[in-house]
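Text of data_20.cif, listed as mmCIF, C-alpha atoms and all ligand atoms:
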data_model
#
loop_
_atom_site.label_atom_id
_atom_site.label_comp_id
_atom_site.auth_asym_id
_atom_site.auth_seq_id
_atom_site.Cartn_x
_atom_site.Cartn_y
_atom_site.Cartn_z
CA MET T 210 0.00 0.00 0.00
CA THR T 211 1.35 3.48 -0.86
CA LEU T 212 1.07 6.00 1.94
CA LYS T 213 -0.56 9.23 0.92
CA HIS T 214 1.78 12.20 0.77
CA ILE T 215 0.57 14.99 3.03
CA LYS T 216 1.23 18.25 1.27
CA ILE T 217 2.73 21.19 3.17
CA ILE T 218 1.87 24.42 1.38
CA GLY T 219 3.67 27.64 2.34
CA HIS T 220 0.75 30.07 2.64
CA ARG T 221 1.75 33.24 0.75
CA GLY T 222 5.28 31.77 1.17
CA ALA T 223 6.71 31.42 4.67
CA SER T 224 4.59 34.45 5.54
CA GLY T 225 4.99 33.99 9.30
CA TYR T 226 8.65 34.96 8.84
CA LEU T 227 8.94 37.23 5.80
CA PRO T 228 6.60 39.64 3.98
CA GLU T 229 3.86 37.63 2.29
CA ASN T 230 3.74 37.01 -1.43
CA THR T 231 7.39 37.94 -2.06
CA LEU T 232 10.16 35.90 -3.66
CA ALA T 233 12.01 35.91 -0.33
CA ALA T 234 9.01 34.39 1.46
CA PHE T 235 8.50 31.80 -1.29
CA SER T 236 12.21 30.83 -1.26
CA LEU T 237 12.20 30.47 2.50
CA ALA T 238 9.15 28.18 2.39
CA ILE T 239 10.95 25.95 -0.11
CA GLU T 240 14.13 25.96 2.04
CA MET T 241 11.97 24.93 5.01
CA GLY T 242 10.84 21.83 3.13
CA ALA T 243 7.42 22.92 1.87
CA ASP T 244 6.05 20.81 -0.99
CA ALA T 245 4.26 23.78 -2.46
CA ILE T 246 3.82 27.50 -2.24
CA GLU T 247 0.57 29.39 -2.37
CA LEU T 248 0.25 32.86 -3.87
CA ASP T 249 -2.63 35.23 -4.51
CA ILE T 250 -2.88 37.08 -7.82
CA VAL T 251 -4.41 40.37 -8.98
CA PRO T 252 -3.79 42.36 -12.21
CA THR T 253 -1.97 45.63 -12.87
CA LYS T 254 -3.39 48.38 -15.12
CA GLU T 255 -2.09 46.63 -18.25
CA GLY T 256 -3.26 43.20 -17.03
CA GLU T 257 0.05 41.78 -15.78
CA LEU T 258 -0.64 39.22 -13.04
CA ILE T 259 1.19 40.02 -9.79
CA ALA T 260 1.40 38.39 -6.38
CA ARG T 261 -0.75 40.33 -3.90
CA HIS T 262 -3.54 39.23 -1.60
CA GLU T 263 -5.44 42.51 -2.04
CA ASN T 264 -5.62 44.87 -5.00
CA ASP T 265 -5.33 47.66 -2.39
CA LEU T 266 -1.57 48.21 -2.11
CA THR T 267 -1.83 50.45 0.97
CA HIS T 268 -1.08 47.90 3.68
CA THR T 269 1.42 45.57 2.03
CA THR T 270 3.66 48.12 0.30
CA ASN T 271 5.14 51.56 1.07
CA ILE T 272 3.01 53.26 -1.61
CA SER T 273 1.66 55.87 0.84
CA GLN T 274 5.17 57.36 0.98
CA PHE T 275 5.26 58.19 -2.75
CA PRO T 276 4.13 61.82 -3.33
CA GLU T 277 3.90 61.17 -7.07
CA PHE T 278 1.13 58.62 -6.43
CA ALA T 279 -0.84 60.73 -3.93
CA ASP T 280 -3.42 61.81 -6.53
CA ARG T 281 -4.25 58.20 -7.34
CA LEU T 282 -5.76 57.51 -3.93
CA ARG T 283 -9.28 56.25 -4.62
CA THR T 284 -12.36 55.05 -2.76
CA LYS T 285 -13.91 52.05 -4.48
CA SER T 286 -16.79 49.74 -3.76
CA ILE T 287 -15.52 46.18 -4.05
CA TYR T 288 -18.14 43.50 -3.44
CA GLY T 289 -20.16 46.05 -1.47
CA GLN T 290 -17.26 47.15 0.72
CA GLU T 291 -16.02 50.76 0.51
CA ILE T 292 -12.22 50.72 0.45
CA THR T 293 -9.92 53.73 0.24
CA GLY T 294 -6.43 53.07 -1.04
CA TRP T 295 -4.10 52.74 -3.99
CA PHE T 296 -5.25 49.93 -6.26
CA THR T 297 -3.18 47.66 -8.48
CA GLU T 298 -5.50 48.22 -11.45
CA ASP T 299 -4.59 51.95 -11.45
CA PHE T 300 -0.82 51.35 -11.69
CA THR T 301 1.45 49.95 -14.37
CA LEU T 302 3.78 47.10 -13.54
CA ALA T 303 6.74 49.47 -13.89
CA GLU T 304 5.22 51.73 -11.23
CA ILE T 305 4.43 48.84 -8.88
CA LYS T 306 8.00 47.62 -9.27
CA THR T 307 9.24 50.86 -7.62
CA LEU T 308 7.45 49.93 -4.35
CA THR T 309 8.80 47.93 -1.43
CA ALA T 310 6.62 45.07 -0.25
CA LYS T 311 6.01 44.66 3.46
CA ALA T 312 3.96 42.57 5.86
CA PRO T 313 0.48 43.80 6.85
CA PRO T 314 0.76 46.18 9.85
CA ASP T 315 -0.83 43.76 12.35
CA LEU T 316 1.90 41.14 11.80
CA GLN T 317 5.22 40.99 13.66
CA LEU T 318 7.56 38.85 11.57
CA GLY T 319 10.47 36.84 12.90
CA GLY T 320 12.65 36.86 9.78
CA THR T 321 14.83 39.48 8.08
CA VAL T 322 14.41 40.18 4.38
CA PRO T 323 17.82 39.88 2.70
CA ALA T 324 17.12 42.92 0.45
CA PRO T 325 14.13 45.25 -0.01
CA ALA T 326 11.39 43.00 -1.35
CA VAL T 327 9.51 43.98 -4.48
CA VAL T 328 6.09 42.83 -5.65
CA PRO T 329 6.73 39.82 -7.90
CA THR T 330 4.90 38.95 -11.09
CA LEU T 331 3.38 35.50 -11.44
CA GLN T 332 6.01 34.77 -14.11
CA GLU T 333 8.80 35.59 -11.64
CA VAL T 334 7.28 33.20 -9.11
CA ILE T 335 7.07 30.46 -11.75
CA ASP T 336 10.72 31.13 -12.67
CA LEU T 337 11.69 30.83 -9.00
CA VAL T 338 10.10 27.44 -8.43
CA LYS T 339 10.30 25.82 -11.85
CA HIS T 340 13.62 24.05 -11.45
CA GLN T 341 13.55 23.49 -7.69
CA ARG T 342 12.82 20.17 -6.06
CA THR T 343 11.94 19.00 -2.56
CA ALA T 344 14.50 16.89 -0.66
CA ALA T 345 12.58 13.82 -1.89
CA GLY T 346 13.03 15.00 -5.51
CA ARG T 347 9.45 16.10 -6.14
CA ALA T 348 8.64 19.22 -8.17
CA ILE T 349 7.56 22.18 -6.07
CA TRP T 350 3.85 22.82 -6.61
CA LEU T 351 2.29 26.23 -7.11
CA TYR T 352 -1.18 26.97 -5.74
CA ILE T 353 -2.33 30.11 -7.50
CA GLU T 354 -5.34 31.88 -6.00
CA ILE T 355 -7.29 34.29 -8.19
CA LYS T 356 -8.60 37.20 -6.11
CA TYR T 357 -11.65 39.38 -6.90
CA SER T 358 -12.36 37.49 -10.13
CA ALA T 359 -15.81 38.96 -10.87
CA TYR T 360 -14.74 42.50 -9.95
CA PHE T 361 -11.78 42.43 -12.32
CA ARG T 362 -13.86 40.92 -15.12
CA THR T 363 -16.34 43.82 -14.86
CA ILE T 364 -13.54 46.39 -15.27
CA GLY T 365 -12.05 44.62 -18.30
CA LEU T 366 -9.18 42.94 -16.47
CA ALA T 367 -10.36 39.32 -16.28
CA MET T 368 -7.59 37.07 -14.97
CA GLU T 369 -8.62 33.57 -15.99
CA GLU T 370 -7.63 33.79 -19.68
CA PRO T 371 -4.22 35.48 -19.09
CA LEU T 372 -3.50 33.00 -16.31
CA VAL T 373 -4.10 30.03 -18.60
CA GLU T 374 -1.96 31.76 -21.25
CA ILE T 375 0.96 32.12 -18.80
CA LEU T 376 0.59 28.47 -17.76
CA SER T 377 0.63 27.43 -21.43
CA ARG T 378 3.75 29.51 -22.15
CA ASN T 379 5.49 27.72 -19.27
CA GLY T 380 4.37 24.24 -20.28
CA TYR T 381 2.13 24.09 -17.20
CA ASN T 382 -1.29 24.00 -18.82
CA THR T 383 -1.72 20.24 -18.39
CA ALA T 384 -3.49 17.92 -15.98
CA ASP T 385 -0.20 16.61 -14.57
CA ALA T 386 1.76 19.86 -14.13
CA PRO T 387 2.66 20.83 -10.52
CA ILE T 388 0.04 23.58 -10.55
CA ALA T 389 -3.38 24.09 -9.07
CA ILE T 390 -5.68 27.11 -9.29
CA GLU T 391 -7.86 28.31 -6.45
CA SER T 392 -10.69 30.80 -6.15
CA PHE T 393 -13.36 31.38 -3.53
CA GLU T 394 -15.57 32.42 -6.46
CA SER T 395 -17.10 29.27 -7.89
CA GLU T 396 -17.97 31.05 -11.16
CA SER T 397 -14.26 31.64 -11.72
CA LEU T 398 -13.48 27.95 -11.19
CA LYS T 399 -16.37 26.84 -13.41
CA HIS T 400 -15.04 29.09 -16.16
CA LEU T 401 -11.50 27.74 -15.66
CA HIS T 402 -12.88 24.21 -15.87
CA GLN T 403 -13.77 25.03 -19.50
CA LEU T 404 -10.34 26.58 -20.18
CA THR T 405 -7.83 24.21 -18.61
CA GLN T 406 -7.20 20.74 -17.24
CA VAL T 407 -5.06 21.86 -14.30
CA PRO T 408 -6.54 20.79 -10.94
CA LEU T 409 -8.93 23.29 -9.41
CA VAL T 410 -9.22 24.00 -5.69
CA GLN T 411 -12.40 25.25 -4.06
CA PRO T 412 -11.60 27.09 -0.82
CA CYS T 413 -14.66 27.37 1.38
CA LEU T 414 -16.03 28.96 4.52
CA ASP T 415 -19.35 27.12 4.11
CA LEU T 416 -20.96 25.08 1.27
CA THR T 417 -20.16 21.68 2.71
CA SER T 418 -23.50 19.84 2.59
CA THR T 419 -23.48 16.60 0.61
CA SER T 420 -25.30 18.29 -2.28
CA ALA T 421 -22.88 21.26 -2.21
CA LEU T 422 -19.92 18.85 -2.34
CA ALA T 423 -21.49 17.05 -5.30
CA SER T 424 -21.85 20.38 -7.17
CA ILE T 425 -18.25 21.39 -6.41
CA ALA T 426 -17.03 17.97 -7.57
CA GLU T 427 -18.27 18.83 -11.07
CA TYR T 428 -15.35 21.26 -11.53
CA ALA T 429 -12.87 20.93 -8.63
CA THR T 430 -10.82 18.01 -7.30
CA ILE T 431 -9.46 19.61 -4.13
CA LEU T 432 -11.59 21.04 -1.34
CA ALA T 433 -9.92 23.66 0.86
CA PRO T 434 -12.14 24.27 3.86
CA CYS T 435 -11.33 26.74 6.58
CA LYS T 436 -10.05 24.87 9.69
CA ARG T 437 -13.21 25.69 11.59
CA LEU T 438 -15.33 23.63 9.19
CA ILE T 439 -13.31 20.58 10.29
CA VAL T 440 -12.80 21.38 13.97
CA PRO T 441 -15.35 24.02 14.98
CA THR T 442 -14.98 26.22 18.07
CA ASP T 443 -17.54 27.66 20.44
CA GLU T 444 -18.05 31.36 21.06
CA GLY T 445 -15.15 31.38 23.51
CA GLY T 446 -12.79 29.87 20.92
CA HIS T 447 -12.75 26.43 22.60
CA LEU T 448 -12.57 23.37 20.37
CA LEU T 449 -15.72 21.38 19.67
CA ALA T 450 -15.97 17.84 18.31
CA PRO T 451 -14.66 17.46 14.74
CA THR T 452 -17.20 17.35 11.92
CA SER T 453 -17.35 14.58 9.34
CA LEU T 454 -16.24 16.96 6.56
CA ILE T 455 -12.92 15.23 5.78
CA GLN T 456 -14.63 11.85 5.40
CA ASP T 457 -17.57 13.37 3.48
CA ALA T 458 -15.22 15.16 1.10
CA HIS T 459 -13.10 12.01 0.61
CA GLN T 460 -16.29 10.13 -0.09
CA ALA T 461 -17.14 12.71 -2.75
CA GLY T 462 -13.72 12.16 -4.34
CA PHE T 463 -11.85 15.24 -3.09
CA LYS T 464 -8.45 15.68 -1.54
CA VAL T 465 -8.82 17.98 1.46
CA TYR T 466 -6.38 20.79 2.31
CA SER T 467 -7.19 23.19 5.12
CA TRP T 468 -6.16 26.73 6.10
CA THR T 469 -4.59 28.65 7.68
CA PHE T 470 -2.19 27.11 10.18
CA SER T 471 0.00 29.44 12.23
CA ASN T 472 2.36 29.34 15.20
CA GLU T 473 0.97 32.57 16.59
CA LYS T 474 -0.63 32.08 19.98
CA MET T 475 -3.59 34.29 19.12
CA HIS T 476 -4.57 31.86 16.36
CA LEU T 477 -4.34 28.74 18.56
CA ALA T 478 -7.31 27.37 20.51
CA PRO T 479 -6.59 27.15 24.28
CA GLU T 480 -6.70 23.33 24.15
CA TYR T 481 -3.43 23.33 22.19
CA LYS T 482 -1.75 25.03 25.20
CA GLY T 483 0.32 27.33 22.99
CA ASN T 484 1.81 24.41 21.05
CA PRO T 485 1.14 24.73 17.30
CA GLU T 486 2.34 21.15 16.75
CA ALA T 487 -0.71 19.90 18.68
CA GLU T 488 -3.02 21.50 16.13
CA TYR T 489 -1.25 19.94 13.13
CA GLU T 490 -1.31 16.57 14.92
CA GLN T 491 -5.04 16.74 15.44
CA PHE T 492 -5.77 17.64 11.82
CA LEU T 493 -3.35 15.13 10.31
CA LEU T 494 -4.77 12.35 12.47
CA LEU T 495 -8.25 13.32 11.28
CA GLY T 496 -7.07 12.45 7.76
CA LEU T 497 -6.28 15.82 6.18
CA ASP T 498 -4.31 15.64 2.90
CA GLY T 499 -2.56 19.00 3.09
CA VAL T 500 -2.17 22.20 5.09
CA PHE T 501 -1.72 25.83 4.12
CA SER T 502 0.74 27.10 6.72
CA ASP T 503 2.38 30.47 7.48
CA PHE T 504 5.12 28.50 9.28
CA PRO T 505 5.91 25.60 6.95
CA ASP T 506 8.93 24.48 9.01
CA THR T 507 6.64 23.53 11.90
CA ALA T 508 4.19 21.82 9.56
CA VAL T 509 6.98 19.82 7.88
CA SER T 510 8.40 18.77 11.23
CA VAL T 511 5.05 17.40 12.48
CA ARG T 512 4.30 15.72 9.14
CA ASP T 513 7.72 14.02 9.13
CA ARG T 514 7.32 12.86 12.73
CA LEU T 515 3.88 11.38 12.13
CA HIS T 516 4.71 10.03 8.67
CA PRO T 517 8.48 9.38 8.68
CA SER T 518 8.41 7.68 5.28
CA GLN T 519 7.42 10.93 3.53
O1 LIG I 601 -6.66 28.94 -0.10
C1 LIG I 601 -6.30 29.02 1.21
C2 LIG I 601 -6.18 30.43 1.69
O2 LIG I 601 -5.16 31.05 0.96
C3 LIG I 601 -7.44 31.24 1.57
O3 LIG I 601 -7.43 32.40 2.32
O4 LIG I 601 -7.40 34.82 2.60
O5 LIG I 601 -5.33 33.56 2.89
O6 LIG I 601 -6.26 33.89 0.65
P1 LIG I 601 -6.56 33.72 2.09
CA CA I 602 -4.69 32.78 -0.57
#

So, in terms of structure tokens, how does the structure I just supplied come out?
Ligand code: G3P
Ligand code: CA
Amino acid sequence: MTLKHIKIIGHRGASGYLPENTLAAFSLAIEMGADAIELDIVPTKEGELIARHENDLTHTTNISQFPEFADRLRTKSIYGQEITGWFTEDFTLAEIKTLTAKAPPDLQLGGTVPAPAVVPTLQEVIDLVKHQRTAAGRAIWLYIEIKYSAYFRTIGLAMEEPLVEILSRNGYNTADAPIAIESFESESLKHLHQLTQVPLVQPCLDLTSTSALASIAEYATILAPCKRLIVPTDEGGHLLAPTSLIQDAHQAGFKVYSWTFSNEKMHLAPEYKGNPEAEYEQFLLLGLDGVFSDFPDTAVSVRDRLHPSQ
């Protein structure tokens, strides 16, 4: 019998240590033994795909310090939320490349960036991982998450087609390439299902009834539920009994990867007593197939202890 390989995915790179969605954070995740890195993508003004979690550059770059960009501060309604900031779709790639990327203000990072980090393009991330291998000789996987799909389509900057084009140019637009595409927006994934054979990942915060799983299975092969759909908590943040979601999703044919695992005490339920390894142990023993982690070194260490053959 072959043991399943539990996939450790560096969430936005090793984003617990270095500014998220930067080449430095992706490289560190790979050095730490991650099997895969996850990045979020949004477009620039000319439609270049870049690695950012939000299209608002205010909190993850130093754009507010650039007087020449002051008049491009905008207030926009994005999915019903009023946001004031500097938005990727109003800047060319050349302009965005003059910025320094940083961690969101509420995060204290443990690592030091070797040089000022810039905002990478998707192509630069592909170039970084393409020829790297894990210690076991496996290709490093890329999990590419499309953000704000419907919003960008309405302003003429749809991402699905250019994404598939980039994958094709890199020889990655195949069912067996080390690539998967994610989107919370099921319409985006359904559209991608028509455009490409690469595996599709449905992240979810709900939608886990048997009939919902059956509908998702029509276009996606990986289910990525929030941790709390697998091990819920009560109002005080205490752990409740696990749900049957992992088994239900396996039954429906999915692999199940969950998010987001962190070493930070504020993200750990009291039952783990400040030990992040206890949380990974619980989820891996429940049968999870992969984790999105901000601290991939901890995830790798628990995975290798519980499954030494991997
Ligand atoms: O897909 C897992 C995770 O990346 C989804 O949440 O907000 O970190 O993009 P977020
Ligand atoms: Ca993401």

Fewer than 3 positions away in the same chain doesn't count, so skip those; otherwise give me all residues within 12 Å of His220 (chain T), counting all atoms listed in the file, as an NGL selection string.
-> :T and (216-217 or 223-231 or 234-235 or 237-239 or 243-249 or 262 or 351-354 or 466-471 or 499-506 or 508)

Okay, now the selection with C-alpha atoms, as a PDB file, in the coordinates of the input?
ATOM      1  CA  LYS T 216       1.230  18.250   1.270  1.00  0.00           C
ATOM      2  CA  ILE T 217       2.730  21.190   3.170  1.00  0.00           C
ATOM      3  CA  ALA T 223       6.710  31.420   4.670  1.00  0.00           C
ATOM      4  CA  SER T 224       4.590  34.450   5.540  1.00  0.00           C
ATOM      5  CA  GLY T 225       4.990  33.990   9.300  1.00  0.00           C
ATOM      6  CA  TYR T 226       8.650  34.960   8.840  1.00  0.00           C
ATOM      7  CA  LEU T 227       8.940  37.230   5.800  1.00  0.00           C
ATOM      8  CA  PRO T 228       6.600  39.640   3.980  1.00  0.00           C
ATOM      9  CA  GLU T 229       3.860  37.630   2.290  1.00  0.00           C
ATOM     10  CA  ASN T 230       3.740  37.010  -1.430  1.00  0.00           C
ATOM     11  CA  THR T 231       7.390  37.940  -2.060  1.00  0.00           C
ATOM     12  CA  ALA T 234       9.010  34.390   1.460  1.00  0.00           C
ATOM     13  CA  PHE T 235       8.500  31.800  -1.290  1.00  0.00           C
ATOM     14  CA  LEU T 237      12.200  30.470   2.500  1.00  0.00           C
ATOM     15  CA  ALA T 238       9.150  28.180   2.390  1.00  0.00           C
ATOM     16  CA  ILE T 239      10.950  25.950  -0.110  1.00  0.00           C
ATOM     17  CA  ALA T 243       7.420  22.920   1.870  1.00  0.00           C
ATOM     18  CA  ASP T 244       6.050  20.810  -0.990  1.00  0.00           C
ATOM     19  CA  ALA T 245       4.260  23.780  -2.460  1.00  0.00           C
ATOM     20  CA  ILE T 246       3.820  27.500  -2.240  1.00  0.00           C
ATOM     21  CA  GLU T 247       0.570  29.390  -2.370  1.00  0.00           C
ATOM     22  CA  LEU T 248       0.250  32.860  -3.870  1.00  0.00           C
ATOM     23  CA  ASP T 249      -2.630  35.230  -4.510  1.00  0.00           C
ATOM     24  CA  HIS T 262      -3.540  39.230  -1.600  1.00  0.00           C
ATOM     25  CA  LEU T 351       2.290  26.230  -7.110  1.00  0.00           C
ATOM     26  CA  TYR T 352      -1.180  26.970  -5.740  1.00  0.00           C
ATOM     27  CA  ILE T 353      -2.330  30.110  -7.500  1.00  0.00           C
ATOM     28  CA  GLU T 354      -5.340  31.880  -6.000  1.00  0.00           C
ATOM     29  CA  TYR T 466      -6.380  20.790   2.310  1.00  0.00           C
ATOM     30  CA  SER T 467      -7.190  23.190   5.120  1.00  0.00           C
ATOM     31  CA  TRP T 468      -6.160  26.730   6.100  1.00  0.00           C
ATOM     32  CA  THR T 469      -4.590  28.650   7.680  1.00  0.00           C
ATOM     33  CA  PHE T 470      -2.190  27.110  10.180  1.00  0.00           C
ATOM     34  CA  SER T 471       0.000  29.440  12.230  1.00  0.00           C
ATOM     35  CA  GLY T 499      -2.560  19.000   3.090  1.00  0.00           C
ATOM     36  CA  VAL T 500      -2.170  22.200   5.090  1.00  0.00           C
ATOM     37  CA  PHE T 501      -1.720  25.830   4.120  1.00  0.00           C
ATOM     38  CA  SER T 502       0.740  27.100   6.720  1.00  0.00           C
ATOM     39  CA  ASP T 503       2.380  30.470   7.480  1.00  0.00           C
ATOM     40  CA  PHE T 504       5.120  28.500   9.280  1.00  0.00           C
ATOM     41  CA  PRO T 505       5.910  25.600   6.950  1.00  0.00           C
ATOM     42  CA  ASP T 506       8.930  24.480   9.010  1.00  0.00           C
ATOM     43  CA  ALA T 508       4.190  21.820   9.560  1.00  0.00           C
TER      44      ALA T 508
END

Within 8 Å of Ala326 (chain T), counting all atoms listed in the file, which residues qualify if same-chain residues fewer than 3 places away don't, as an NGL selection string?
-> :T and (228 or 231-233 or 309-311 or 322)

Counting all atoms listed in the file, which residues come within 10 Å of (-6.7, 24.3, -22.4), with the point read in the file's coordinates, and could you list them as a count of residues only?
-> 15

Measuring atom to atom with only C-alpha atoms, identify which of T:Phe278, T:Tyr428, T:Phe463, T:Tyr489 is nearest to Thr297 (chain T).
-> T:Phe278

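With distances restricted to only C-alpha atoms and all ligand atoms, T:Val410 is the closest residue to ligand CA 602 (chain I) from T:Val410, T:Met241, T:Ala429, T:Ala458.
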
Minimum-distance residue to ligand LIG 601 (chain I), chosen among T:Ser397, T:Thr307, T:Ser518, T:Gln411 (using only C-alpha atoms and all ligand atoms) |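 Going through T:Ser397, T:Thr307, T:Ser518, T:Gln411 one by one, the smallest distance to ligand LIG 601 (chain I) is for T:Gln411.
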
With only C-alpha atoms and all ligand atoms as the basis for distance, which of T:Thr417, T:Thr270, T:Thr301, T:Ser392 is at the shortest distance from ligand CA 602 (chain I)?
-> T:Ser392

Could you work out how far CA of Leu414 (chain T) lies from CA of Asp443 (chain T), giving the answer in Å with one decimal?
-> 16.0 Å

Give me, please, the distance in Å between CA of Thr321 (chain T) and CA of Lys339 (chain T), quoted to one decimal.
->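 One can read the CA of Thr321 (chain T) to CA of Lys339 (chain T) distance as 24.6 Å.
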
Pick from T:Leu266, T:Ile305, T:Ala478, T:Ala260, whichever lies nearest to ligand LIG 601 (chain I) using only C-alpha atoms and all ligand atoms |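 Closest to ligand LIG 601 (chain I), using only C-alpha atoms and all ligand atoms: T:Ala260.
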
Pull the neighbourhood of (-1.3, 16.3, 13.0) for me: all residues within 10 Å in file coordinates, counting only C-alpha atoms, as a ChimeraX atom specification.
-> /T:485-497,500,508,511-512,514-516

Enclose ligand LIG 601 (chain I), meaning all of its atoms listed in the file, in a box aligned along x, y and z, pad it by 4 Å on each side, and list the centre and edge lengths in Å to one decimal, as AutoDock Vina command-line options.
--center_x -6.3 --center_y 31.9 --center_z 1.4 --size_x 10.3 --size_y 13.9 --size_z 11.0

Rounded to one decimal place, report the CA of Phe393 (chain T)-atom O1 of ligand LIG 601 (chain I) distance in Å.
-> 7.9 Å

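Between ligand LIG 601 (chain I) and the residues T:Gly256, T:Gly483, T:Pro434, T:Pro441, the shortest atom-to-atom distance, using all atoms listed in the file, involves T:Pro434.
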
Which polymer residues have any atom within 9 Å of an atom of Ser418 (chain T), counting all atoms listed in the file, with same-chain residues fewer than 3 positions away left out, as number ranges by chain?
-> T: 415, 421-423, 454, 457
